[in-house]
Structure formats: C-alpha cells, structure tokens
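S.K.: Hey, dropping entry_21.pdb in here, PDB, N, CA and C atoms, pLDDT in the B column:
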```
ATOM      1  N   MET A1275      -2.440  30.093 -69.279  1.00 81.00           N
ATOM      2  CA  MET A1275      -1.636  29.245 -70.117  1.00 81.00           C
ATOM      3  C   MET A1275      -1.429  27.862 -69.529  1.00 81.00           C
ATOM      4  N   PRO A1276      -1.168  27.742 -68.242  1.00 84.00           N
ATOM      5  CA  PRO A1276      -0.993  26.390 -67.710  1.00 84.00           C
ATOM      6  C   PRO A1276      -2.213  25.501 -67.951  1.00 84.00           C
ATOM      7  N   ARG A1277      -3.409  26.085 -67.884  1.00 92.00           N
ATOM      8  CA  ARG A1277      -4.627  25.295 -68.117  1.00 92.00           C
ATOM      9  C   ARG A1277      -4.645  24.746 -69.543  1.00 92.00           C
ATOM     10  N   LEU A1278      -4.301  25.561 -70.513  1.00 93.00           N
ATOM     11  CA  LEU A1278      -4.277  25.092 -71.896  1.00 93.00           C
ATOM     12  C   LEU A1278      -3.149  24.094 -72.117  1.00 93.00           C
ATOM     13  N   GLY A1279      -2.023  24.295 -71.450  1.00 90.00           N
ATOM     14  CA  GLY A1279      -0.931  23.335 -71.543  1.00 90.00           C
ATOM     15  C   GLY A1279      -1.346  21.968 -71.040  1.00 90.00           C
ATOM     16  N   GLU A1280      -2.071  21.950 -69.940  1.00 93.00           N
ATOM     17  CA  GLU A1280      -2.564  20.673 -69.400  1.00 93.00           C
ATOM     18  C   GLU A1280      -3.607  20.062 -70.326  1.00 93.00           C
ATOM     19  N   LYS A1281      -4.524  20.877 -70.818  1.00 95.00           N
ATOM     20  CA  LYS A1281      -5.608  20.382 -71.681  1.00 95.00           C
ATOM     21  C   LYS A1281      -5.056  19.721 -72.945  1.00 95.00           C
ATOM     22  N   TYR A1282      -4.018  20.315 -73.530  1.00 94.00           N
ATOM     23  CA  TYR A1282      -3.466  19.796 -74.781  1.00 94.00           C
ATOM     24  C   TYR A1282      -2.136  19.067 -74.594  1.00 94.00           C
ATOM     25  N   GLU A1283      -1.777  18.807 -73.343  1.00 93.00           N
ATOM     26  CA  GLU A1283      -0.549  18.091 -73.011  1.00 93.00           C
ATOM     27  C   GLU A1283       0.654  18.716 -73.716  1.00 93.00           C
ATOM     28  N   MET A1284       0.795  20.035 -73.497  1.00 91.00           N
ATOM     29  CA  MET A1284       1.891  20.793 -74.087  1.00 91.00           C
ATOM     30  C   MET A1284       2.732  21.403 -72.982  1.00 91.00           C
ATOM     31  N   GLU A1285       3.993  21.572 -73.258  1.00 91.00           N
ATOM     32  CA  GLU A1285       4.872  22.264 -72.325  1.00 91.00           C
ATOM     33  C   GLU A1285       4.646  23.767 -72.453  1.00 91.00           C
ATOM     34  N   VAL A1286       4.487  24.439 -71.336  1.00 91.00           N
ATOM     35  CA  VAL A1286       4.317  25.888 -71.315  1.00 91.00           C
ATOM     36  C   VAL A1286       5.551  26.499 -70.671  1.00 91.00           C
ATOM     37  N   GLU A1287       6.173  27.409 -71.369  1.00 90.00           N
ATOM     38  CA  GLU A1287       7.346  28.097 -70.841  1.00 90.00           C
ATOM     39  C   GLU A1287       6.993  29.572 -70.676  1.00 90.00           C
ATOM     40  N   THR A1288       7.232  30.103 -69.509  1.00 89.00           N
ATOM     41  CA  THR A1288       6.979  31.512 -69.229  1.00 89.00           C
ATOM     42  C   THR A1288       8.311  32.236 -69.149  1.00 89.00           C
ATOM     43  N   VAL A1289       8.419  33.315 -69.899  1.00 86.00           N
ATOM     44  CA  VAL A1289       9.628  34.123 -69.889  1.00 86.00           C
ATOM     45  C   VAL A1289       9.257  35.492 -69.342  1.00 86.00           C
ATOM     46  N   SER A1290       9.936  35.889 -68.316  1.00 89.00           N
ATOM     47  CA  SER A1290       9.677  37.186 -67.698  1.00 89.00           C
ATOM     48  C   SER A1290      10.996  37.920 -67.537  1.00 89.00           C
ATOM     49  N   GLN A1291      11.014  39.139 -68.032  1.00 89.00           N
ATOM     50  CA  GLN A1291      12.206  39.962 -67.929  1.00 89.00           C
ATOM     51  C   GLN A1291      11.793  41.357 -67.483  1.00 89.00           C
ATOM     52  N   SER A1292      12.770  42.161 -67.140  1.00 91.00           N
ATOM     53  CA  SER A1292      12.466  43.533 -66.752  1.00 91.00           C
ATOM     54  C   SER A1292      12.073  44.338 -67.990  1.00 91.00           C
ATOM     55  N   ARG A1293      11.392  45.432 -67.768  1.00 89.00           N
ATOM     56  CA  ARG A1293      11.005  46.315 -68.872  1.00 89.00           C
ATOM     57  C   ARG A1293      12.238  46.767 -69.655  1.00 89.00           C
ATOM     58  N   GLU A1294      13.315  47.046 -68.940  1.00 92.00           N
ATOM     59  CA  GLU A1294      14.537  47.486 -69.601  1.00 92.00           C
ATOM     60  C   GLU A1294      15.085  46.409 -70.535  1.00 92.00           C
ATOM     61  N   GLU A1295      15.023  45.149 -70.105  1.00 93.00           N
ATOM     62  CA  GLU A1295      15.509  44.059 -70.959  1.00 93.00           C
ATOM     63  C   GLU A1295      14.647  43.918 -72.209  1.00 93.00           C
ATOM     64  N   TYR A1296      13.311  44.034 -72.050  1.00 88.00           N
ATOM     65  CA  TYR A1296      12.422  43.941 -73.215  1.00 88.00           C
ATOM     66  C   TYR A1296      12.636  45.098 -74.189  1.00 88.00           C
ATOM     67  N   GLN A1297      13.083  46.223 -73.697  1.00 90.00           N
ATOM     68  CA  GLN A1297      13.292  47.400 -74.545  1.00 90.00           C
ATOM     69  C   GLN A1297      14.725  47.507 -75.064  1.00 90.00           C
ATOM     70  N   SER A1298      15.558  46.549 -74.745  1.00 93.00           N
ATOM     71  CA  SER A1298      16.968  46.617 -75.141  1.00 93.00           C
ATOM     72  C   SER A1298      17.156  46.280 -76.619  1.00 93.00           C
ATOM     73  N   ASP A1299      18.273  46.736 -77.157  1.00 95.00           N
ATOM     74  CA  ASP A1299      18.626  46.427 -78.548  1.00 95.00           C
ATOM     75  C   ASP A1299      18.799  44.924 -78.740  1.00 95.00           C
ATOM     76  N   ALA A1300      19.379  44.261 -77.736  1.00 93.00           N
ATOM     77  CA  ALA A1300      19.592  42.812 -77.835  1.00 93.00           C
ATOM     78  C   ALA A1300      18.261  42.074 -77.938  1.00 93.00           C
ATOM     79  N   TYR A1301      17.256  42.484 -77.172  1.00 91.00           N
ATOM     80  CA  TYR A1301      15.949  41.815 -77.245  1.00 91.00           C
ATOM     81  C   TYR A1301      15.311  42.081 -78.604  1.00 91.00           C
ATOM     82  N   ARG A1302      15.365  43.320 -79.067  1.00 90.00           N
ATOM     83  CA  ARG A1302      14.785  43.635 -80.384  1.00 90.00           C
ATOM     84  C   ARG A1302      15.469  42.821 -81.477  1.00 90.00           C
ATOM     85  N   ALA A1303      16.760  42.605 -81.364  1.00 94.00           N
ATOM     86  CA  ALA A1303      17.505  41.833 -82.365  1.00 94.00           C
ATOM     87  C   ALA A1303      17.181  40.348 -82.300  1.00 94.00           C
ATOM     88  N   SER A1304      16.591  39.887 -81.189  1.00 90.00           N
ATOM     89  CA  SER A1304      16.301  38.458 -81.026  1.00 90.00           C
ATOM     90  C   SER A1304      15.185  37.971 -81.941  1.00 90.00           C
ATOM     91  N   GLY A1305      14.361  38.888 -82.441  1.00 88.00           N
ATOM     92  CA  GLY A1305      13.249  38.480 -83.295  1.00 88.00           C
ATOM     93  C   GLY A1305      12.003  38.083 -82.525  1.00 88.00           C
ATOM     94  N   LEU A1306      12.069  38.136 -81.205  1.00 88.00           N
ATOM     95  CA  LEU A1306      10.904  37.806 -80.392  1.00 88.00           C
ATOM     96  C   LEU A1306       9.957  38.999 -80.351  1.00 88.00           C
ATOM     97  N   PRO A1307       8.646  38.748 -80.145  1.00 90.00           N
ATOM     98  CA  PRO A1307       7.685  39.853 -80.129  1.00 90.00           C
ATOM     99  C   PRO A1307       7.823  40.707 -78.871  1.00 90.00           C
ATOM    100  N   ALA A1308       7.328  41.931 -78.972  1.00 86.00           N
ATOM    101  CA  ALA A1308       7.296  42.809 -77.803  1.00 86.00           C
ATOM    102  C   ALA A1308       6.344  42.221 -76.765  1.00 86.00           C
ATOM    103  N   ALA A1309       6.678  42.396 -75.507  1.00 85.00           N
ATOM    104  CA  ALA A1309       5.859  41.856 -74.425  1.00 85.00           C
ATOM    105  C   ALA A1309       4.681  42.779 -74.158  1.00 85.00           C
ATOM    106  N   PRO A1310       3.563  42.287 -73.694  1.00 89.00           N
ATOM    107  CA  PRO A1310       3.272  40.877 -73.474  1.00 89.00           C
ATOM    108  C   PRO A1310       2.865  40.198 -74.775  1.00 89.00           C
ATOM    109  N   ALA A1311       3.223  38.955 -74.888  1.00 92.00           N
ATOM    110  CA  ALA A1311       2.885  38.175 -76.076  1.00 92.00           C
ATOM    111  C   ALA A1311       2.862  36.696 -75.718  1.00 92.00           C
ATOM    112  N   VAL A1312       2.129  35.945 -76.532  1.00 93.00           N
ATOM    113  CA  VAL A1312       2.069  34.493 -76.375  1.00 93.00           C
ATOM    114  C   VAL A1312       2.436  33.891 -77.715  1.00 93.00           C
ATOM    115  N   MET A1313       3.400  32.967 -77.681  1.00 93.00           N
ATOM    116  CA  MET A1313       3.812  32.282 -78.901  1.00 93.00           C
ATOM    117  C   MET A1313       3.480  30.805 -78.795  1.00 93.00           C
ATOM    118  N   VAL A1314       3.075  30.232 -79.913  1.00 92.00           N
ATOM    119  CA  VAL A1314       2.877  28.792 -80.023  1.00 92.00           C
ATOM    120  C   VAL A1314       3.852  28.357 -81.108  1.00 92.00           C
ATOM    121  N   GLU A1315       4.841  27.590 -80.689  1.00 91.00           N
ATOM    122  CA  GLU A1315       5.984  27.266 -81.538  1.00 91.00           C
ATOM    123  C   GLU A1315       6.593  28.580 -82.005  1.00 91.00           C
ATOM    124  N   ASN A1316       6.645  28.865 -83.287  1.00 89.00           N
ATOM    125  CA  ASN A1316       7.258  30.099 -83.774  1.00 89.00           C
ATOM    126  C   ASN A1316       6.237  31.144 -84.196  1.00 89.00           C
ATOM    127  N   GLU A1317       4.973  30.926 -83.890  1.00 92.00           N
ATOM    128  CA  GLU A1317       3.905  31.844 -84.286  1.00 92.00           C
ATOM    129  C   GLU A1317       3.454  32.685 -83.096  1.00 92.00           C
ATOM    130  N   VAL A1318       3.309  33.985 -83.320  1.00 92.00           N
ATOM    131  CA  VAL A1318       2.754  34.852 -82.285  1.00 92.00           C
ATOM    132  C   VAL A1318       1.244  34.606 -82.274  1.00 92.00           C
ATOM    133  N   ALA A1319       0.761  33.997 -81.201  1.00 91.00           N
ATOM    134  CA  ALA A1319      -0.667  33.673 -81.087  1.00 91.00           C
ATOM    135  C   ALA A1319      -1.471  34.888 -80.673  1.00 91.00           C
ATOM    136  N   ALA A1320      -0.916  35.722 -79.830  1.00 91.00           N
ATOM    137  CA  ALA A1320      -1.594  36.929 -79.361  1.00 91.00           C
ATOM    138  C   ALA A1320      -0.550  37.854 -78.771  1.00 91.00           C
ATOM    139  N   GLN A1321      -0.862  39.147 -78.849  1.00 91.00           N
ATOM    140  CA  GLN A1321       0.084  40.128 -78.332  1.00 91.00           C
ATOM    141  C   GLN A1321      -0.688  41.323 -77.805  1.00 91.00           C
ATOM    142  N   GLY A1322      -0.191  41.883 -76.711  1.00 90.00           N
ATOM    143  CA  GLY A1322      -0.796  43.076 -76.129  1.00 90.00           C
ATOM    144  C   GLY A1322      -2.174  42.820 -75.553  1.00 90.00           C
ATOM    145  N   PRO A1323      -3.051  43.825 -75.628  1.00 88.00           N
ATOM    146  CA  PRO A1323      -4.374  43.692 -75.006  1.00 88.00           C
ATOM    147  C   PRO A1323      -5.289  42.687 -75.707  1.00 88.00           C
ATOM    148  N   GLU A1324      -4.883  42.198 -76.884  1.00 85.00           N
ATOM    149  CA  GLU A1324      -5.711  41.222 -77.614  1.00 85.00           C
ATOM    150  C   GLU A1324      -5.537  39.799 -77.121  1.00 85.00           C
ATOM    151  N   ILE A1325      -4.735  39.574 -76.094  1.00 91.00           N
ATOM    152  CA  ILE A1325      -4.498  38.218 -75.604  1.00 91.00           C
ATOM    153  C   ILE A1325      -5.760  37.688 -74.945  1.00 91.00           C
ATOM    154  N   THR A1326      -6.294  36.611 -75.509  1.00 92.00           N
ATOM    155  CA  THR A1326      -7.430  35.918 -74.899  1.00 92.00           C
ATOM    156  C   THR A1326      -7.162  34.421 -74.966  1.00 92.00           C
ATOM    157  N   ALA A1327      -7.720  33.697 -74.032  1.00 92.00           N
ATOM    158  CA  ALA A1327      -7.563  32.238 -74.024  1.00 92.00           C
ATOM    159  C   ALA A1327      -8.135  31.631 -75.296  1.00 92.00           C
ATOM    160  N   GLU A1328      -9.207  32.203 -75.803  1.00 92.00           N
ATOM    161  CA  GLU A1328      -9.851  31.667 -77.009  1.00 92.00           C
ATOM    162  C   GLU A1328      -8.928  31.782 -78.221  1.00 92.00           C
ATOM    163  N   LYS A1329      -8.275  32.937 -78.388  1.00 92.00           N
ATOM    164  CA  LYS A1329      -7.349  33.112 -79.519  1.00 92.00           C
ATOM    165  C   LYS A1329      -6.170  32.151 -79.415  1.00 92.00           C
ATOM    166  N   ILE A1330      -5.652  32.012 -78.214  1.00 93.00           N
ATOM    167  CA  ILE A1330      -4.499  31.130 -78.017  1.00 93.00           C
ATOM    168  C   ILE A1330      -4.897  29.685 -78.266  1.00 93.00           C
ATOM    169  N   GLU A1331      -6.059  29.286 -77.766  1.00 94.00           N
ATOM    170  CA  GLU A1331      -6.517  27.915 -77.975  1.00 94.00           C
ATOM    171  C   GLU A1331      -6.725  27.624 -79.458  1.00 94.00           C
ATOM    172  N   ALA A1332      -7.230  28.585 -80.218  1.00 94.00           N
ATOM    173  CA  ALA A1332      -7.428  28.383 -81.654  1.00 94.00           C
ATOM    174  C   ALA A1332      -6.098  28.117 -82.347  1.00 94.00           C
ATOM    175  N   VAL A1333      -5.055  28.849 -81.974  1.00 94.00           N
ATOM    176  CA  VAL A1333      -3.732  28.650 -82.578  1.00 94.00           C
ATOM    177  C   VAL A1333      -3.164  27.294 -82.161  1.00 94.00           C
ATOM    178  N   ILE A1334      -3.316  26.936 -80.903  1.00 95.00           N
ATOM    179  CA  ILE A1334      -2.840  25.629 -80.423  1.00 95.00           C
ATOM    180  C   ILE A1334      -3.520  24.518 -81.211  1.00 95.00           C
ATOM    181  N   ARG A1335      -4.836  24.589 -81.361  1.00 96.00           N
ATOM    182  CA  ARG A1335      -5.574  23.541 -82.078  1.00 96.00           C
ATOM    183  C   ARG A1335      -5.104  23.447 -83.533  1.00 96.00           C
ATOM    184  N   ARG A1336      -4.873  24.594 -84.174  1.00 95.00           N
ATOM    185  CA  ARG A1336      -4.405  24.562 -85.558  1.00 95.00           C
ATOM    186  C   ARG A1336      -3.030  23.906 -85.645  1.00 95.00           C
ATOM    187  N   HIS A1337      -2.139  24.224 -84.706  1.00 94.00           N
ATOM    188  CA  HIS A1337      -0.789  23.621 -84.714  1.00 94.00           C
ATOM    189  C   HIS A1337      -0.846  22.123 -84.460  1.00 94.00           C
ATOM    190  N   LEU A1338      -1.832  21.679 -83.717  1.00 95.00           N
ATOM    191  CA  LEU A1338      -1.964  20.244 -83.441  1.00 95.00           C
ATOM    192  C   LEU A1338      -2.774  19.515 -84.508  1.00 95.00           C
ATOM    193  N   GLY A1339      -3.265  20.238 -85.496  1.00 96.00           N
ATOM    194  CA  GLY A1339      -4.062  19.613 -86.559  1.00 96.00           C
ATOM    195  C   GLY A1339      -5.462  19.258 -86.122  1.00 96.00           C
ATOM    196  N   LEU A1340      -5.963  19.945 -85.095  1.00 96.00           N
ATOM    197  CA  LEU A1340      -7.312  19.693 -84.595  1.00 96.00           C
ATOM    198  C   LEU A1340      -8.292  20.677 -85.236  1.00 96.00           C
ATOM    199  N   PRO A1341      -9.557  20.284 -85.362  1.00 96.00           N
ATOM    200  CA  PRO A1341     -10.533  21.212 -85.923  1.00 96.00           C
ATOM    201  C   PRO A1341     -10.804  22.357 -84.964  1.00 96.00           C
ATOM    202  N   PRO A1342     -11.279  23.497 -85.486  1.00 94.00           N
ATOM    203  CA  PRO A1342     -11.620  24.610 -84.605  1.00 94.00           C
ATOM    204  C   PRO A1342     -12.757  24.222 -83.667  1.00 94.00           C
ATOM    205  N   LEU A1343     -12.793  24.877 -82.515  1.00 89.00           N
ATOM    206  CA  LEU A1343     -13.897  24.648 -81.577  1.00 89.00           C
ATOM    207  C   LEU A1343     -15.171  25.229 -82.171  1.00 89.00           C
ATOM    208  N   ALA A1344     -16.276  24.587 -81.901  1.00 83.00           N
ATOM    209  CA  ALA A1344     -17.573  25.083 -82.379  1.00 83.00           C
ATOM    210  C   ALA A1344     -17.884  26.413 -81.708  1.00 83.00           C
ATOM    211  N   ALA A1345     -18.377  27.339 -82.480  1.00 67.00           N
ATOM    212  CA  ALA A1345     -18.684  28.674 -81.930  1.00 67.00           C
ATOM    213  C   ALA A1345     -19.985  28.674 -81.159  1.00 67.00           C
TER     214      ALA A1345
END
```
How does the structure come out when it is put into structure tokens?
M.R.:
Amino acid sequence: MPRLGEKYEMEVETVSQSREEYQSDAYRASGLPAAPAVMVENEVAAQGPEITAEKIEAVIRRHLGLPPLAA
C-alpha cells in the first residue's frame, strides 16, 4: 500500500487491531469491512485472500478519474 500511496500521491492509513476487537459487536456496528480489507475512500477495494495490488490500483485509478491500466 505505501508504494501505491506514493505513486498516486495519496495518504495511506493502516488500521490494526486485535482479532477480538475485529470480532466485537462495536466493530461490526461500525460498518467497516471484516479484516483483512483495503478501502479506497468509502469503497472496499479488496477483502480477504482476494487482495492484490492490481485490484487496489484499479480502484484507486477509478477514484482519481484515471483510465484503467493497459492489460
């Protein structure tokens, strides 16, 4: 994530909590996705084992109004 933050001049915030905190009623009520997950603004870009730099970069580019990367 830091690499993509630097590439697109975006702030990257990492949130890390204990497993118990992620499984708490308060966390579930927060509306945030289950960990692990990556969000770009209010959109879940990737979650769980599907997290890849390519998927996250595609969401970042769409949020910035940039065209998709050539395949």
S.K.: Using all atoms of segment 1289-1308 of chain A listed in the file and a margin of 3 Å per side, can you give the axis-aligned box centre and edge lengths in Å to one decimal, as lines of an AutoDock Vina configuration file?
M.R.:
```
center_x = 13.0
center_y = 40.4
center_z = -75.0
size_x = 19.2
size_y = 20.2
size_z = 22.5
```
S.K.: Any idea what the distance is between atom CA of His1337 of chain A and atom CA of Val1286 of chain A?
M.R.: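 Distance between the two atoms: 14.5 Å.
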S.K.: Rank A:Asp1299, A:Ala1344, A:Arg1335, A:Glu1324 by their smallest atom-to-atom distance to Met1284 of chain A, using only C-alpha atoms, and report the top residue only.
M.R.: A:Arg1335
S.K.: Taking only chain A into account, list the residues labelled alpha helix (DSSP H) by DSSP (computed from the backbone), as a PyMOL selection string.
M.R.: chain A and resi 1276-1281+1293-1296+1299-1303+1327-1337
S.K.: Counting only N, CA and C atoms, which residue out of A:Val1318, A:Tyr1296, A:Gly1279, A:Pro1307 sits closest to Val1333 of chain A?
M.R.: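 Of all the options, A:Val1318 lies closest to Val1333 of chain A.
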S.K.: Where does DSSP see strand (DSSP E or B) in chain A, if you list the residues as a ChimeraX atom specification?
M.R.: /A:1311-1314,1317-1321
S.K.: Tell me, as a ChimeraX atom specification, which residues lie within 8 Å of segment 1309-1313 of chain A, counting all atoms listed in the file; anything in the same chain fewer than 2 positions away does not count.
M.R.: /A:1296-1297,1306-1307,1315-1323,1325,1330
S.K.: One number please: atom C of Pro1276 of chain A to atom CA of Gly1305 of chain A, in Å, one decimal.
M.R.: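 The value is 25.4 Å.
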S.K.: Which distance in Å separates atom N of Glu1285 of chain A and atom C of Leu1338 of chain A, to one decimal?
M.R.: 13.3 Å
S.K.: Pick the closest to Glu1280 of chain A from A:Glu1331, A:Pro1342, A:Arg1293, A:Arg1336: which is it, counting only C-alpha atoms?
M.R.: A:Glu1331
S.K.: For segment 1308-1330 of chain A of the block above, can you save N, CA, C and O atoms as a short mmCIF file (atom, residue, chain, number, x, y, z; two decimals), in the first residue's frame?
M.R.:
```cif
data_model
loop_
_atom_site.label_atom_id
_atom_site.label_comp_id
_atom_site.auth_asym_id
_atom_site.auth_seq_id
_atom_site.Cartn_x
_atom_site.Cartn_y
_atom_site.Cartn_z
N ALA A 1308 -14.88 -6.65 7.35
CA ALA A 1308 -14.10 -7.59 8.15
C ALA A 1308 -12.65 -7.58 7.66
O ALA A 1308 -12.39 -7.39 6.48
N ALA A 1309 -11.73 -7.75 8.58
CA ALA A 1309 -10.31 -7.73 8.23
C ALA A 1309 -9.89 -9.08 7.68
O ALA A 1309 -10.48 -10.10 8.03
N PRO A 1310 -8.92 -9.16 6.82
CA PRO A 1310 -8.20 -8.04 6.22
C PRO A 1310 -8.99 -7.44 5.07
O PRO A 1310 -9.68 -8.15 4.35
N ALA A 1311 -8.87 -6.16 4.91
CA ALA A 1311 -9.55 -5.46 3.83
C ALA A 1311 -8.80 -4.18 3.50
O ALA A 1311 -8.06 -3.66 4.31
N VAL A 1312 -9.01 -3.71 2.27
CA VAL A 1312 -8.43 -2.45 1.83
C VAL A 1312 -9.57 -1.60 1.31
O VAL A 1312 -10.38 -2.05 0.50
N MET A 1313 -9.64 -0.36 1.83
CA MET A 1313 -10.67 0.57 1.38
C MET A 1313 -10.02 1.75 0.68
O MET A 1313 -8.95 2.19 1.07
N VAL A 1314 -10.68 2.22 -0.36
CA VAL A 1314 -10.28 3.45 -1.04
C VAL A 1314 -11.48 4.38 -0.88
O VAL A 1314 -12.56 4.10 -1.38
N GLU A 1315 -11.27 5.43 -0.11
CA GLU A 1315 -12.35 6.30 0.33
C GLU A 1315 -13.38 5.43 1.04
O GLU A 1315 -13.05 4.77 2.01
N ASN A 1316 -14.60 5.34 0.57
CA ASN A 1316 -15.62 4.54 1.25
C ASN A 1316 -15.91 3.22 0.55
O ASN A 1316 -16.88 2.55 0.87
N GLU A 1317 -15.09 2.86 -0.42
CA GLU A 1317 -15.30 1.63 -1.19
C GLU A 1317 -14.33 0.54 -0.74
O GLU A 1317 -13.13 0.78 -0.61
N VAL A 1318 -14.85 -0.66 -0.54
CA VAL A 1318 -13.98 -1.79 -0.24
C VAL A 1318 -13.32 -2.20 -1.56
O VAL A 1318 -13.99 -2.66 -2.48
N ALA A 1319 -12.02 -1.98 -1.66
CA ALA A 1319 -11.28 -2.30 -2.88
C ALA A 1319 -10.96 -3.78 -2.96
O ALA A 1319 -10.95 -4.36 -4.05
N ALA A 1320 -10.68 -4.40 -1.84
CA ALA A 1320 -10.36 -5.82 -1.80
C ALA A 1320 -10.51 -6.29 -0.36
O ALA A 1320 -10.33 -5.53 0.58
N GLN A 1321 -10.84 -7.58 -0.24
CA GLN A 1321 -11.03 -8.13 1.09
C GLN A 1321 -10.62 -9.59 1.09
O GLN A 1321 -10.86 -10.30 0.12
N GLY A 1322 -10.01 -10.01 2.19
CA GLY A 1322 -9.62 -11.41 2.34
C GLY A 1322 -8.51 -11.82 1.39
O GLY A 1322 -7.66 -11.02 1.03
N PRO A 1323 -8.54 -13.08 0.96
CA PRO A 1323 -7.45 -13.59 0.11
C PRO A 1323 -7.42 -12.98 -1.29
O PRO A 1323 -6.46 -13.17 -2.03
N GLU A 1324 -8.46 -12.24 -1.66
CA GLU A 1324 -8.51 -11.62 -3.00
C GLU A 1324 -7.72 -10.32 -3.08
O GLU A 1324 -7.72 -9.66 -4.11
N ILE A 1325 -7.06 -9.90 -2.02
CA ILE A 1325 -6.33 -8.64 -2.03
C ILE A 1325 -5.12 -8.77 -2.93
O ILE A 1325 -4.25 -9.60 -2.70
N THR A 1326 -5.09 -7.95 -3.98
CA THR A 1326 -3.92 -7.87 -4.86
C THR A 1326 -3.65 -6.40 -5.15
O THR A 1326 -4.57 -5.58 -5.15
N ALA A 1327 -2.41 -6.09 -5.41
CA ALA A 1327 -2.03 -4.71 -5.74
C ALA A 1327 -2.76 -4.26 -7.00
O ALA A 1327 -3.16 -3.10 -7.11
N GLU A 1328 -2.96 -5.16 -7.94
CA GLU A 1328 -3.61 -4.81 -9.20
C GLU A 1328 -5.06 -4.38 -8.97
O GLU A 1328 -5.53 -3.40 -9.54
N LYS A 1329 -5.79 -5.13 -8.14
CA LYS A 1329 -7.19 -4.77 -7.84
C LYS A 1329 -7.27 -3.42 -7.13
O LYS A 1329 -8.11 -2.59 -7.44
N ILE A 1330 -6.37 -3.22 -6.19
CA ILE A 1330 -6.38 -1.97 -5.43
C ILE A 1330 -6.03 -0.80 -6.34
O ILE A 1330 -6.67 0.24 -6.30
#
```
